[in-house]
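Next comes work.pdb, a file with PDB, C-alpha atoms, pLDDT in the B column.
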MODEL        1
ATOM      1  CA  MET R   1     127.816  28.242  54.945  1.00 43.00           C
ATOM      2  CA  LYS R   2     128.656  29.441  51.435  1.00 48.00           C
ATOM      3  CA  VAL R   3     132.382  29.905  50.765  1.00 50.00           C
ATOM      4  CA  GLU R   4     133.127  32.511  48.113  1.00 65.00           C
ATOM      5  CA  LYS R   5     135.570  31.605  45.381  1.00 78.00           C
ATOM      6  CA  GLU R   6     138.874  33.453  45.495  1.00 87.00           C
ATOM      7  CA  ARG R   7     138.849  36.242  42.943  1.00 93.00           C
ATOM      8  CA  ARG R   8     141.657  36.083  40.426  1.00 97.00           C
ATOM      9  CA  TYR R   9     142.983  38.882  38.221  1.00 98.00           C
ATOM     10  CA  ALA R  10     145.770  39.257  35.677  1.00 98.00           C
ATOM     11  CA  LEU R  11     147.931  42.272  34.892  1.00 98.00           C
ATOM     12  CA  LEU R  12     148.973  42.302  31.246  1.00 98.00           C
ATOM     13  CA  LEU R  13     152.074  44.472  31.556  1.00 98.00           C
ATOM     14  CA  ALA R  14     152.875  46.294  28.316  1.00 98.00           C
ATOM     15  CA  ALA R  15     155.877  48.224  29.658  1.00 97.00           C
ATOM     16  CA  ARG R  16     159.217  47.250  31.127  1.00 97.00           C
ATOM     17  CA  ASP R  17     159.894  48.193  34.735  1.00 96.00           C
ATOM     18  CA  SER R  18     161.990  51.339  35.050  1.00 96.00           C
ATOM     19  CA  ASP R  19     164.921  51.442  37.470  1.00 96.00           C
ATOM     20  CA  TYR R  20     162.997  53.989  39.538  1.00 97.00           C
ATOM     21  CA  VAL R  21     159.825  51.890  39.817  1.00 97.00           C
ATOM     22  CA  ILE R  22     161.892  48.823  40.731  1.00 97.00           C
ATOM     23  CA  LYS R  23     163.710  50.791  43.438  1.00 97.00           C
ATOM     24  CA  MET R  24     160.625  52.469  44.913  1.00 96.00           C
ATOM     25  CA  TYR R  25     157.848  49.913  44.300  1.00 97.00           C
ATOM     26  CA  SER R  26     159.628  46.672  43.308  1.00 96.00           C
ATOM     27  CA  GLY R  27     158.006  46.933  39.863  1.00 97.00           C
ATOM     28  CA  TYR R  28     154.826  48.132  38.171  1.00 97.00           C
ATOM     29  CA  PHE R  29     152.982  44.982  39.235  1.00 98.00           C
ATOM     30  CA  ASN R  30     152.945  46.224  42.827  1.00 97.00           C
ATOM     31  CA  VAL R  31     151.794  49.684  41.711  1.00 98.00           C
ATOM     32  CA  PHE R  32     148.735  48.150  40.043  1.00 98.00           C
ATOM     33  CA  VAL R  33     147.926  45.690  42.824  1.00 97.00           C
ATOM     34  CA  GLN R  34     148.164  48.448  45.439  1.00 96.00           C
ATOM     35  CA  ALA R  35     145.812  50.594  43.337  1.00 96.00           C
ATOM     36  CA  PHE R  36     143.197  48.011  42.332  1.00 97.00           C
ATOM     37  CA  GLY R  37     143.658  44.919  44.483  1.00 95.00           C
ATOM     38  CA  ASP R  38     141.782  43.844  47.609  1.00 93.00           C
ATOM     39  CA  GLU R  39     142.659  41.454  50.401  1.00 91.00           C
ATOM     40  CA  GLY R  40     141.999  37.814  49.585  1.00 91.00           C
ATOM     41  CA  GLU R  41     142.481  38.185  45.833  1.00 95.00           C
ATOM     42  CA  LYS R  42     145.078  36.503  43.650  1.00 97.00           C
ATOM     43  CA  TRP R  43     146.855  38.654  41.065  1.00 98.00           C
ATOM     44  CA  ASP R  44     149.093  37.220  38.337  1.00 98.00           C
ATOM     45  CA  LEU R  45     151.613  39.063  36.172  1.00 98.00           C
ATOM     46  CA  PHE R  46     152.075  38.493  32.445  1.00 98.00           C
ATOM     47  CA  ARG R  47     154.756  40.593  30.768  1.00 98.00           C
ATOM     48  CA  VAL R  48     153.061  40.754  27.382  1.00 98.00           C
ATOM     49  CA  VAL R  49     155.682  43.237  26.140  1.00 98.00           C
ATOM     50  CA  GLU R  50     158.143  40.342  26.511  1.00 97.00           C
ATOM     51  CA  GLY R  51     155.789  37.883  24.788  1.00 97.00           C
ATOM     52  CA  GLU R  52     154.467  36.330  28.015  1.00 98.00           C
ATOM     53  CA  PHE R  53     150.726  35.618  27.779  1.00 98.00           C
ATOM     54  CA  PRO R  54     148.230  33.565  29.806  1.00 98.00           C
ATOM     55  CA  SER R  55     147.311  30.227  28.268  1.00 97.00           C
ATOM     56  CA  MET R  56     143.945  30.009  26.555  1.00 96.00           C
ATOM     57  CA  GLU R  57     142.969  27.182  28.916  1.00 97.00           C
ATOM     58  CA  ASP R  58     143.452  29.430  31.966  1.00 97.00           C
ATOM     59  CA  LEU R  59     141.417  32.426  30.762  1.00 98.00           C
ATOM     60  CA  ILE R  60     138.178  31.029  32.184  1.00 97.00           C
ATOM     61  CA  ASP R  61     139.679  31.093  35.694  1.00 96.00           C
ATOM     62  CA  TYR R  62     140.111  34.883  35.766  1.00 97.00           C
ATOM     63  CA  ASP R  63     137.559  37.408  36.984  1.00 96.00           C
ATOM     64  CA  GLY R  64     139.235  40.290  35.187  1.00 97.00           C
ATOM     65  CA  PHE R  65     142.243  41.614  33.319  1.00 98.00           C
ATOM     66  CA  VAL R  66     144.118  44.924  33.411  1.00 98.00           C
ATOM     67  CA  ILE R  67     146.182  46.150  30.442  1.00 98.00           C
ATOM     68  CA  SER R  68     148.830  48.682  31.453  1.00 98.00           C
ATOM     69  CA  GLY R  69     150.283  51.697  29.723  1.00 97.00           C
ATOM     70  CA  SER R  70     153.261  51.366  27.403  1.00 97.00           C
ATOM     71  CA  PRO R  71     155.829  53.442  25.486  1.00 95.00           C
ATOM     72  CA  TYR R  72     154.757  51.512  22.360  1.00 97.00           C
ATOM     73  CA  ASP R  73     152.070  52.624  19.909  1.00 97.00           C
ATOM     74  CA  ALA R  74     148.774  50.764  20.242  1.00 97.00           C
ATOM     75  CA  TYR R  75     148.443  50.938  16.445  1.00 97.00           C
ATOM     76  CA  GLY R  76     151.837  49.293  15.917  1.00 96.00           C
ATOM     77  CA  ASN R  77     152.258  45.862  14.367  1.00 96.00           C
ATOM     78  CA  ASP R  78     154.799  44.349  16.746  1.00 97.00           C
ATOM     79  CA  LEU R  79     154.038  40.653  17.184  1.00 98.00           C
ATOM     80  CA  TRP R  80     153.207  40.986  20.881  1.00 98.00           C
ATOM     81  CA  ILE R  81     150.739  43.820  20.150  1.00 98.00           C
ATOM     82  CA  LEU R  82     148.997  41.717  17.512  1.00 98.00           C
ATOM     83  CA  ARG R  83     148.848  38.788  19.957  1.00 98.00           C
ATOM     84  CA  LEU R  84     147.394  41.144  22.570  1.00 98.00           C
ATOM     85  CA  CYS R  85     144.718  42.271  20.112  1.00 98.00           C
ATOM     86  CA  PHE R  86     143.786  38.627  19.499  1.00 98.00           C
ATOM     87  CA  LEU R  87     143.628  38.000  23.254  1.00 98.00           C
ATOM     88  CA  ILE R  88     141.344  41.017  23.686  1.00 98.00           C
ATOM     89  CA  LEU R  89     138.997  39.652  21.014  1.00 98.00           C
ATOM     90  CA  THR R  90     138.934  36.295  22.804  1.00 98.00           C
ATOM     91  CA  LEU R  91     138.256  37.841  26.228  1.00 98.00           C
ATOM     92  CA  ASN R  92     135.561  40.074  24.750  1.00 98.00           C
ATOM     93  CA  ALA R  93     133.828  37.038  23.282  1.00 97.00           C
ATOM     94  CA  MET R  94     134.008  35.427  26.750  1.00 97.00           C
ATOM     95  CA  GLN R  95     132.560  38.613  28.323  1.00 97.00           C
ATOM     96  CA  LYS R  96     135.563  38.833  30.636  1.00 97.00           C
ATOM     97  CA  ARG R  97     136.135  42.176  32.333  1.00 97.00           C
ATOM     98  CA  ILE R  98     139.042  44.127  30.830  1.00 98.00           C
ATOM     99  CA  LEU R  99     140.324  47.441  32.175  1.00 98.00           C
ATOM    100  CA  GLY R 100     142.682  49.277  29.808  1.00 98.00           C
ATOM    101  CA  ILE R 101     144.914  52.099  31.055  1.00 98.00           C
ATOM    102  CA  CYS R 102     146.495  54.606  28.580  1.00 98.00           C
ATOM    103  CA  PHE R 103     148.034  52.244  25.962  1.00 98.00           C
ATOM    104  CA  GLY R 104     145.606  49.637  27.296  1.00 98.00           C
ATOM    105  CA  HIS R 105     142.692  52.010  26.621  1.00 98.00           C
ATOM    106  CA  GLN R 106     143.946  52.565  23.077  1.00 98.00           C
ATOM    107  CA  VAL R 107     144.689  48.921  22.249  1.00 98.00           C
ATOM    108  CA  LEU R 108     141.244  47.903  23.514  1.00 98.00           C
ATOM    109  CA  CYS R 109     139.776  50.388  21.077  1.00 98.00           C
ATOM    110  CA  ARG R 110     141.946  49.173  18.198  1.00 98.00           C
ATOM    111  CA  ALA R 111     141.290  45.475  18.784  1.00 98.00           C
ATOM    112  CA  LEU R 112     137.520  45.954  19.003  1.00 98.00           C
ATOM    113  CA  GLY R 113     137.195  48.004  15.824  1.00 97.00           C
ATOM    114  CA  GLY R 114     137.826  51.612  16.844  1.00 97.00           C
ATOM    115  CA  ARG R 115     140.453  54.026  15.551  1.00 97.00           C
ATOM    116  CA  VAL R 116     143.574  55.290  17.354  1.00 97.00           C
ATOM    117  CA  GLY R 117     146.569  57.371  16.305  1.00 97.00           C
ATOM    118  CA  LYS R 118     149.013  60.135  17.123  1.00 96.00           C
ATOM    119  CA  ALA R 119     147.235  62.909  19.028  1.00 94.00           C
ATOM    120  CA  ASN R 120     146.633  66.033  16.986  1.00 88.00           C
ATOM    121  CA  ALA R 121     147.495  68.195  19.990  1.00 89.00           C
ATOM    122  CA  GLY R 122     150.794  66.392  20.669  1.00 91.00           C
ATOM    123  CA  TRP R 123     151.996  65.247  24.075  1.00 93.00           C
ATOM    124  CA  ALA R 124     149.672  65.489  27.061  1.00 93.00           C
ATOM    125  CA  ILE R 125     151.681  65.400  30.283  1.00 94.00           C
ATOM    126  CA  ASP R 126     149.794  66.920  33.169  1.00 94.00           C
ATOM    127  CA  VAL R 127     147.002  66.470  35.657  1.00 95.00           C
ATOM    128  CA  SER R 128     144.000  66.747  33.350  1.00 95.00           C
ATOM    129  CA  LYS R 129     140.488  67.873  34.201  1.00 96.00           C
ATOM    130  CA  VAL R 130     138.288  65.084  32.838  1.00 97.00           C
ATOM    131  CA  ILE R 131     134.605  65.883  32.335  1.00 96.00           C
ATOM    132  CA  MET R 132     132.111  63.097  32.985  1.00 95.00           C
ATOM    133  CA  ALA R 133     129.473  62.353  30.328  1.00 93.00           C
ATOM    134  CA  GLU R 134     125.875  61.394  31.080  1.00 89.00           C
ATOM    135  CA  ASN R 135     126.590  57.922  29.662  1.00 88.00           C
ATOM    136  CA  LEU R 136     128.560  57.129  32.823  1.00 89.00           C
ATOM    137  CA  LEU R 137     125.307  57.020  34.777  1.00 83.00           C
ATOM    138  CA  LYS R 138     124.124  54.115  32.600  1.00 83.00           C
ATOM    139  CA  CYS R 139     127.051  51.913  33.631  1.00 86.00           C
ATOM    140  CA  ARG R 140     126.236  49.385  36.339  1.00 84.00           C
ATOM    141  CA  PHE R 141     129.597  49.877  38.054  1.00 85.00           C
ATOM    142  CA  SER R 142     128.791  53.566  38.610  1.00 85.00           C
ATOM    143  CA  ASP R 143     126.071  52.533  41.088  1.00 81.00           C
ATOM    144  CA  ALA R 144     128.756  51.763  43.671  1.00 77.00           C
ATOM    145  CA  LEU R 145     130.064  55.334  43.520  1.00 81.00           C
ATOM    146  CA  GLU R 146     128.471  57.510  46.180  1.00 77.00           C
ATOM    147  CA  ASP R 147     128.808  60.605  44.059  1.00 82.00           C
ATOM    148  CA  ILE R 148     129.792  61.153  40.453  1.00 88.00           C
ATOM    149  CA  PRO R 149     131.432  64.558  40.124  1.00 89.00           C
ATOM    150  CA  GLU R 150     131.038  66.871  37.148  1.00 93.00           C
ATOM    151  CA  TYR R 151     134.759  66.355  36.544  1.00 95.00           C
ATOM    152  CA  ALA R 152     137.725  64.559  38.104  1.00 96.00           C
ATOM    153  CA  LYS R 153     141.441  65.224  37.676  1.00 97.00           C
ATOM    154  CA  ILE R 154     143.809  62.452  36.612  1.00 97.00           C
ATOM    155  CA  ILE R 155     147.516  62.095  35.793  1.00 96.00           C
ATOM    156  CA  GLU R 156     148.118  61.828  32.047  1.00 96.00           C
ATOM    157  CA  CYS R 157     151.185  61.045  29.952  1.00 95.00           C
ATOM    158  CA  HIS R 158     150.512  60.178  26.310  1.00 95.00           C
ATOM    159  CA  GLN R 159     151.026  61.296  22.733  1.00 95.00           C
ATOM    160  CA  ASP R 160     148.457  58.943  21.150  1.00 96.00           C
ATOM    161  CA  GLU R 161     144.696  58.939  21.580  1.00 97.00           C
ATOM    162  CA  VAL R 162     141.411  57.308  20.617  1.00 97.00           C
ATOM    163  CA  PHE R 163     139.782  59.016  17.642  1.00 97.00           C
ATOM    164  CA  GLU R 164     136.775  56.736  17.207  1.00 97.00           C
ATOM    165  CA  VAL R 165     135.393  54.229  19.698  1.00 97.00           C
ATOM    166  CA  PRO R 166     134.294  50.730  18.621  1.00 97.00           C
ATOM    167  CA  PHE R 167     130.736  50.084  17.497  1.00 96.00           C
ATOM    168  CA  GLY R 168     128.469  49.791  20.526  1.00 94.00           C
ATOM    169  CA  ALA R 169     130.832  51.662  22.840  1.00 96.00           C
ATOM    170  CA  ASP R 170     129.806  54.635  24.979  1.00 95.00           C
ATOM    171  CA  VAL R 171     132.095  57.610  25.580  1.00 96.00           C
ATOM    172  CA  LEU R 172     132.040  58.167  29.344  1.00 96.00           C
ATOM    173  CA  ALA R 173     134.379  61.140  29.705  1.00 96.00           C
ATOM    174  CA  PHE R 174     136.328  63.729  27.723  1.00 96.00           C
ATOM    175  CA  SER R 175     138.653  66.668  28.287  1.00 95.00           C
ATOM    176  CA  GLU R 176     139.624  69.899  26.590  1.00 92.00           C
ATOM    177  CA  LYS R 177     142.556  68.179  24.880  1.00 92.00           C
ATOM    178  CA  THR R 178     141.318  64.592  24.436  1.00 95.00           C
ATOM    179  CA  GLY R 179     137.925  63.682  22.992  1.00 94.00           C
ATOM    180  CA  VAL R 180     137.774  60.162  24.476  1.00 97.00           C
ATOM    181  CA  GLU R 181     139.147  60.054  28.015  1.00 97.00           C
ATOM    182  CA  MET R 182     137.066  57.018  28.978  1.00 97.00           C
ATOM    183  CA  PHE R 183     134.835  54.564  27.144  1.00 97.00           C
ATOM    184  CA  ALA R 184     132.939  51.382  27.928  1.00 96.00           C
ATOM    185  CA  ILE R 185     131.315  48.501  26.121  1.00 96.00           C
ATOM    186  CA  GLY R 186     128.595  46.924  28.205  1.00 93.00           C
ATOM    187  CA  ASP R 187     129.713  46.022  31.709  1.00 92.00           C
ATOM    188  CA  HIS R 188     132.900  44.189  30.704  1.00 96.00           C
ATOM    189  CA  ILE R 189     135.113  46.664  28.783  1.00 97.00           C
ATOM    190  CA  LEU R 190     136.462  49.900  30.274  1.00 97.00           C
ATOM    191  CA  GLY R 191     139.197  52.103  28.838  1.00 98.00           C
ATOM    192  CA  ILE R 192     140.741  55.070  30.652  1.00 98.00           C
ATOM    193  CA  GLN R 193     143.262  57.338  28.924  1.00 98.00           C
ATOM    194  CA  GLY R 194     144.775  58.666  32.148  1.00 97.00           C
ATOM    195  CA  HIS R 195     146.722  56.840  34.862  1.00 98.00           C
ATOM    196  CA  PRO R 196     144.655  56.229  38.020  1.00 97.00           C
ATOM    197  CA  GLU R 197     147.481  54.019  39.339  1.00 97.00           C
ATOM    198  CA  TYR R 198     150.211  56.677  39.078  1.00 96.00           C
ATOM    199  CA  SER R 199     151.493  58.958  41.792  1.00 94.00           C
ATOM    200  CA  LYS R 200     153.293  62.178  40.969  1.00 93.00           C
ATOM    201  CA  ASP R 201     156.741  60.762  41.674  1.00 95.00           C
ATOM    202  CA  ILE R 202     156.299  58.116  38.962  1.00 96.00           C
ATOM    203  CA  LEU R 203     155.255  60.788  36.469  1.00 95.00           C
ATOM    204  CA  HIS R 204     158.231  62.989  37.414  1.00 93.00           C
ATOM    205  CA  ASN R 205     160.591  60.102  36.716  1.00 95.00           C
ATOM    206  CA  ILE R 206     158.931  59.435  33.338  1.00 95.00           C
ATOM    207  CA  ILE R 207     159.356  63.108  32.406  1.00 94.00           C
ATOM    208  CA  ASP R 208     163.060  62.868  33.299  1.00 94.00           C
ATOM    209  CA  ARG R 209     163.443  59.788  31.078  1.00 95.00           C
ATOM    210  CA  LEU R 210     161.580  61.457  28.196  1.00 94.00           C
ATOM    211  CA  ILE R 211     164.071  64.326  28.371  1.00 94.00           C
ATOM    212  CA  CYS R 212     167.028  61.937  28.408  1.00 93.00           C
ATOM    213  CA  ASN R 213     165.856  60.041  25.319  1.00 90.00           C
ATOM    214  CA  GLU R 214     164.981  63.340  23.594  1.00 92.00           C
ATOM    215  CA  SER R 215     161.280  62.527  23.270  1.00 93.00           C
ATOM    216  CA  ILE R 216     160.417  65.959  24.695  1.00 91.00           C
ATOM    217  CA  GLU R 217     162.332  69.233  25.022  1.00 92.00           C
ATOM    218  CA  ARG R 218     163.415  70.583  28.385  1.00 93.00           C
ATOM    219  CA  GLY R 219     161.240  73.683  28.073  1.00 93.00           C
ATOM    220  CA  PHE R 220     158.151  71.522  27.526  1.00 92.00           C
ATOM    221  CA  ALA R 221     159.181  69.321  30.450  1.00 92.00           C
ATOM    222  CA  GLU R 222     159.514  72.295  32.772  1.00 92.00           C
ATOM    223  CA  ASP R 223     156.016  73.439  31.802  1.00 92.00           C
ATOM    224  CA  ALA R 224     154.738  69.913  32.468  1.00 90.00           C
ATOM    225  CA  TRP R 225     156.419  69.822  35.888  1.00 89.00           C
ATOM    226  CA  ALA R 226     154.780  73.147  36.786  1.00 91.00           C
ATOM    227  CA  LYS R 227     151.322  71.914  35.713  1.00 89.00           C
ATOM    228  CA  VAL R 228     151.703  68.685  37.659  1.00 90.00           C
ATOM    229  CA  GLU R 229     152.760  70.515  40.821  1.00 90.00           C
ATOM    230  CA  ALA R 230     149.857  72.959  40.523  1.00 89.00           C
ATOM    231  CA  ALA R 231     147.102  70.318  40.587  1.00 91.00           C
ATOM    232  CA  GLU R 232     146.165  67.264  42.613  1.00 95.00           C
ATOM    233  CA  PRO R 233     144.667  64.197  40.931  1.00 96.00           C
ATOM    234  CA  ASP R 234     141.395  62.819  42.297  1.00 95.00           C
ATOM    235  CA  THR R 235     143.102  59.505  42.958  1.00 95.00           C
ATOM    236  CA  ASN R 236     140.513  58.052  45.331  1.00 94.00           C
ATOM    237  CA  PHE R 237     137.673  58.591  42.857  1.00 94.00           C
ATOM    238  CA  TRP R 238     139.520  56.941  39.972  1.00 95.00           C
ATOM    239  CA  LYS R 239     140.706  53.974  42.034  1.00 95.00           C
ATOM    240  CA  LYS R 240     137.208  53.404  43.408  1.00 94.00           C
ATOM    241  CA  LEU R 241     135.752  53.573  39.892  1.00 95.00           C
ATOM    242  CA  CYS R 242     138.273  51.048  38.562  1.00 96.00           C
ATOM    243  CA  LYS R 243     137.786  48.670  41.476  1.00 95.00           C
ATOM    244  CA  SER R 244     134.000  48.903  41.178  1.00 94.00           C
ATOM    245  CA  PHE R 245     134.296  47.943  37.502  1.00 95.00           C
ATOM    246  CA  LEU R 246     136.744  45.075  38.055  1.00 95.00           C
ATOM    247  CA  LYS R 247     134.815  43.562  40.965  1.00 88.00           C
ATOM    248  CA  GLY R 248     131.436  43.905  39.234  1.00 81.00           C
ATOM    249  CA  ARG R 249     129.977  45.947  42.055  1.00 64.00           C
TER
ENDMDL
END
Encoded form (structure tokens):
Amino acid sequence: MKVEKERRYALLLAARDSDYVIKMYSGYFNVFVQAFGDEGEKWDLFRVVEGEFPSMEDLIDYDGFVISGSPYDAYGNDLWILRLCFLILTLNAMQKRILGICFGHQVLCRALGGRVGKANAGWAIDVSKVIMAENLLKCRFSDALEDIPEYAKIIECHQDEVFEVPFGADVLAFSEKTGVEMFAIGDHILGIQGHPEYSKDILHNIIDRLICNESIERGFAEDAWAKVEAAEPDTNFWKKLCKSFLKGR
């Protein structure tokens, strides 16, 4: 009888846990594992924003990596961001699966030769309608999806975006406001601008904190709240897509 090896994944956390997420979910790590994990898997946490990275010797043991969102700019030159870019290059050379979410999507693009920057349209805080491109059908992980819709809604909260994908990458989705909502390189790199792991309560708390630190004005926040309440994200579709990619299904 063949015994399957335990799958092992790493969350590269690029944000610090908020008081709210600690209180409600005991940290972002649990948010991600609940969204993308399956029974019988081992998930490890590396707080890369604090300079905590997996050792090079251990990289071979992982089946996949997830890079989280972050309040930092993916085009910044903080030491930990530069180290993360180097790690991405190493994992890419090893053909390890990497899923990048929001900041993770952008830093994947930067590290692999694309171009990112401040979004021309400013902040995007809403439940966005993301239109699927035909390129998605070419991805092996899409085979596990019973149906690929014309579009799917996803929670978004960002003021930066991908302007140009790396050489060899395919744009898989776009929206009215953001030209690259999702991209892939082969079967091992996937970037998603939105937040498939978020629920509305997490986004509401982020909006509150953005008001408090004067990153957005209250009038803009109230409009964002109204947009979020008026639409429901297609959470099941996005989680299934991410899990299909990470598990190589």
Please measure the separation of CA of Asp170 in chain R and CA of Thr235 in chain R, giving the value in Å to one decimal. 22.9 Å
So which residues touch Gln34 in chain R within 12 Å, counting all atoms listed in the file, skipping near sequence neighbours fewer than 5 positions away, as a compact mmCIF listing (two decimals) with C-alpha atoms, in the frame of the given file?
# COMPACT_ATOMS: atom_id res chain seq x y z
CA TYR R 25 157.85 49.91 44.30
CA SER R 26 159.63 46.67 43.31
CA GLY R 27 158.01 46.93 39.86
CA TYR R 28 154.83 48.13 38.17
CA PHE R 29 152.98 44.98 39.24
CA GLU R 39 142.66 41.45 50.40
CA GLU R 41 142.48 38.18 45.83
CA TRP R 43 146.85 38.65 41.06
CA PRO R 196 144.66 56.23 38.02
CA GLU R 197 147.48 54.02 39.34
CA TYR R 198 150.21 56.68 39.08
CA SER R 199 151.49 58.96 41.79
CA LYS R 239 140.71 53.97 42.03
CA LYS R 243 137.79 48.67 41.48
Expand the PyMOL selection byres ((chain R and resi 157) around 12) into the individual residues it matches in the shown file, reporting them as an NGL selection string. :R and (69-71 or 101-103 or 119 or 122-128 or 154-156 or 158-161 or 178 or 193-196 or 198 or 200 or 202-207 or 210 or 216 or 221 or 224-225 or 228)
With C-alpha atoms retained, export the selected residues as a compact mmCIF listing (two decimals), keeping the file's coordinate frame.
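Generated output (again.txt):
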# COMPACT_ATOMS: atom_id res chain seq x y z
CA GLY R 69 150.28 51.70 29.72
CA SER R 70 153.26 51.37 27.40
CA PRO R 71 155.83 53.44 25.49
CA ILE R 101 144.91 52.10 31.06
CA CYS R 102 146.50 54.61 28.58
CA PHE R 103 148.03 52.24 25.96
CA ALA R 119 147.24 62.91 19.03
CA GLY R 122 150.79 66.39 20.67
CA TRP R 123 152.00 65.25 24.08
CA ALA R 124 149.67 65.49 27.06
CA ILE R 125 151.68 65.40 30.28
CA ASP R 126 149.79 66.92 33.17
CA VAL R 127 147.00 66.47 35.66
CA SER R 128 144.00 66.75 33.35
CA ILE R 154 143.81 62.45 36.61
CA ILE R 155 147.52 62.10 35.79
CA GLU R 156 148.12 61.83 32.05
CA HIS R 158 150.51 60.18 26.31
CA GLN R 159 151.03 61.30 22.73
CA ASP R 160 148.46 58.94 21.15
CA GLU R 161 144.70 58.94 21.58
CA THR R 178 141.32 64.59 24.44
CA GLN R 193 143.26 57.34 28.92
CA GLY R 194 144.78 58.67 32.15
CA HIS R 195 146.72 56.84 34.86
CA PRO R 196 144.66 56.23 38.02
CA TYR R 198 150.21 56.68 39.08
CA LYS R 200 153.29 62.18 40.97
CA ILE R 202 156.30 58.12 38.96
CA LEU R 203 155.26 60.79 36.47
CA HIS R 204 158.23 62.99 37.41
CA ASN R 205 160.59 60.10 36.72
CA ILE R 206 158.93 59.44 33.34
CA ILE R 207 159.36 63.11 32.41
CA LEU R 210 161.58 61.46 28.20
CA ILE R 216 160.42 65.96 24.70
CA ALA R 221 159.18 69.32 30.45
CA ALA R 224 154.74 69.91 32.47
CA TRP R 225 156.42 69.82 35.89
CA VAL R 228 151.70 68.68 37.66
For the provided coordinates, the residues matched by the PyMOL selection byres ((chain R and resi 147) around 12) should be stated as a VMD selection string. chain R and resid 132 136 to 137 142 to 146 148 to 152 237 240 to 241
Of the candidates R:Val66, R:Ala169, R:Ile192, R:Val49, which one gets nearest to Leu112 in chain R if we count all atoms listed in the file?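 The shortest atom-to-atom distance to Leu112 in chain R comes from R:Ala169.
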Would you kindly translate the PyMOL selection byres ((chain R and resi 80) around 9) into the concrete residues it picks from this file, as a ChimeraX atom specification? /R:48-52,77-79,81-85
Return the single residue from R:Pro54, R:Gly179, R:Gly64, R:Gly219 that is closest to Gly37 in chain R, with distances computed using only C-alpha atoms.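 For Gly37 in chain R, the nearest of the given residues is R:Gly64.
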Could you tell me how far CA of Met56 in chain R sits from CA of Leu246 in chain R, in Å to one decimal place? 20.3 Å
Atom-to-atom span, CA of Lys227 in chain R and CA of Ala184 in chain R, Å: 28.6 Å
Have a look at R:Leu172, R:Ala15, R:Phe65, R:Val107 and name the one nearest to Phe86 in chain R; count only C-alpha atoms.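 Of all the options, R:Val107 lies closest to Phe86 in chain R.
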Rank R:Ala111, R:Leu190, R:Val171, R:Val31 by their smallest atom-to-atom distance to Leu89 in chain R, using only C-alpha atoms, and report the top residue only.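 With only C-alpha atoms as the atom set, the closest residue is R:Ala111.
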For Asp187 in chain R, list every protein, DNA or RNA residue within 10 Å, evaluated using only C-alpha atoms, and leave out those in the same chain fewer than 2 positions away; present the list as JSON, numbers by chain. {"R": [95, 96, 97, 98, 138, 139, 140, 141, 184, 185, 189, 190, 245, 246, 248]}
Out of R:His105, R:Lys118, R:Lys129, R:Lys42, which residue has the shortest atom-to-atom distance to Val165 in chain R when counting all atoms listed in the file?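 Comparing R:His105, R:Lys118, R:Lys129, R:Lys42 against Val165 in chain R, the winner is R:His105.
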Find the smallest box with edges along x, y and z containing every listed atom of range 191-194 of chain R, then add 4 Å on each side and report centre and edge lengths in Å to one decimal, as lines of an AutoDock Vina configuration file.
center_x = 142.0
center_y = 55.4
center_z = 30.5
size_x = 13.6
size_y = 14.6
size_z = 11.3
Kindly add N, CA, C and O atoms to the incomplete range 34-41 of chain R and provide the output as a CSV table (one decimal), in the coordinates of the input.
chain,number,residue,atom,x,y,z
R,34,GLN,N,148.5,47.5,44.4
R,34,GLN,CA,148.2,48.4,45.4
R,34,GLN,C,147.0,49.3,45.1
R,34,GLN,O,146.2,49.7,45.9
R,35,ALA,N,146.9,49.7,43.8
R,35,ALA,CA,145.8,50.6,43.3
R,35,ALA,C,144.5,49.9,43.2
R,35,ALA,O,143.4,50.4,43.6
R,36,PHE,N,144.5,48.7,42.7
R,36,PHE,CA,143.2,48.0,42.3
R,36,PHE,C,142.9,46.7,43.1
R,36,PHE,O,141.8,46.2,43.0
R,37,GLY,N,143.9,46.2,43.8
R,37,GLY,CA,143.7,44.9,44.5
R,37,GLY,C,143.0,45.0,45.8
R,37,GLY,O,143.0,46.1,46.5
R,38,ASP,N,142.4,43.9,46.3
R,38,ASP,CA,141.8,43.8,47.6
R,38,ASP,C,142.3,42.6,48.3
R,38,ASP,O,142.8,41.7,47.7
R,39,GLU,N,142.2,42.6,49.6
R,39,GLU,CA,142.7,41.5,50.4
R,39,GLU,C,141.9,40.2,50.0
R,39,GLU,O,140.7,40.2,49.7
R,40,GLY,N,142.6,39.1,49.9
R,40,GLY,CA,142.0,37.8,49.6
R,40,GLY,C,141.9,37.5,48.1
R,40,GLY,O,141.4,36.5,47.7
R,41,GLU,N,142.5,38.4,47.3
R,41,GLU,CA,142.5,38.2,45.8
R,41,GLU,C,143.8,37.6,45.4
R,41,GLU,O,144.8,37.8,46.1
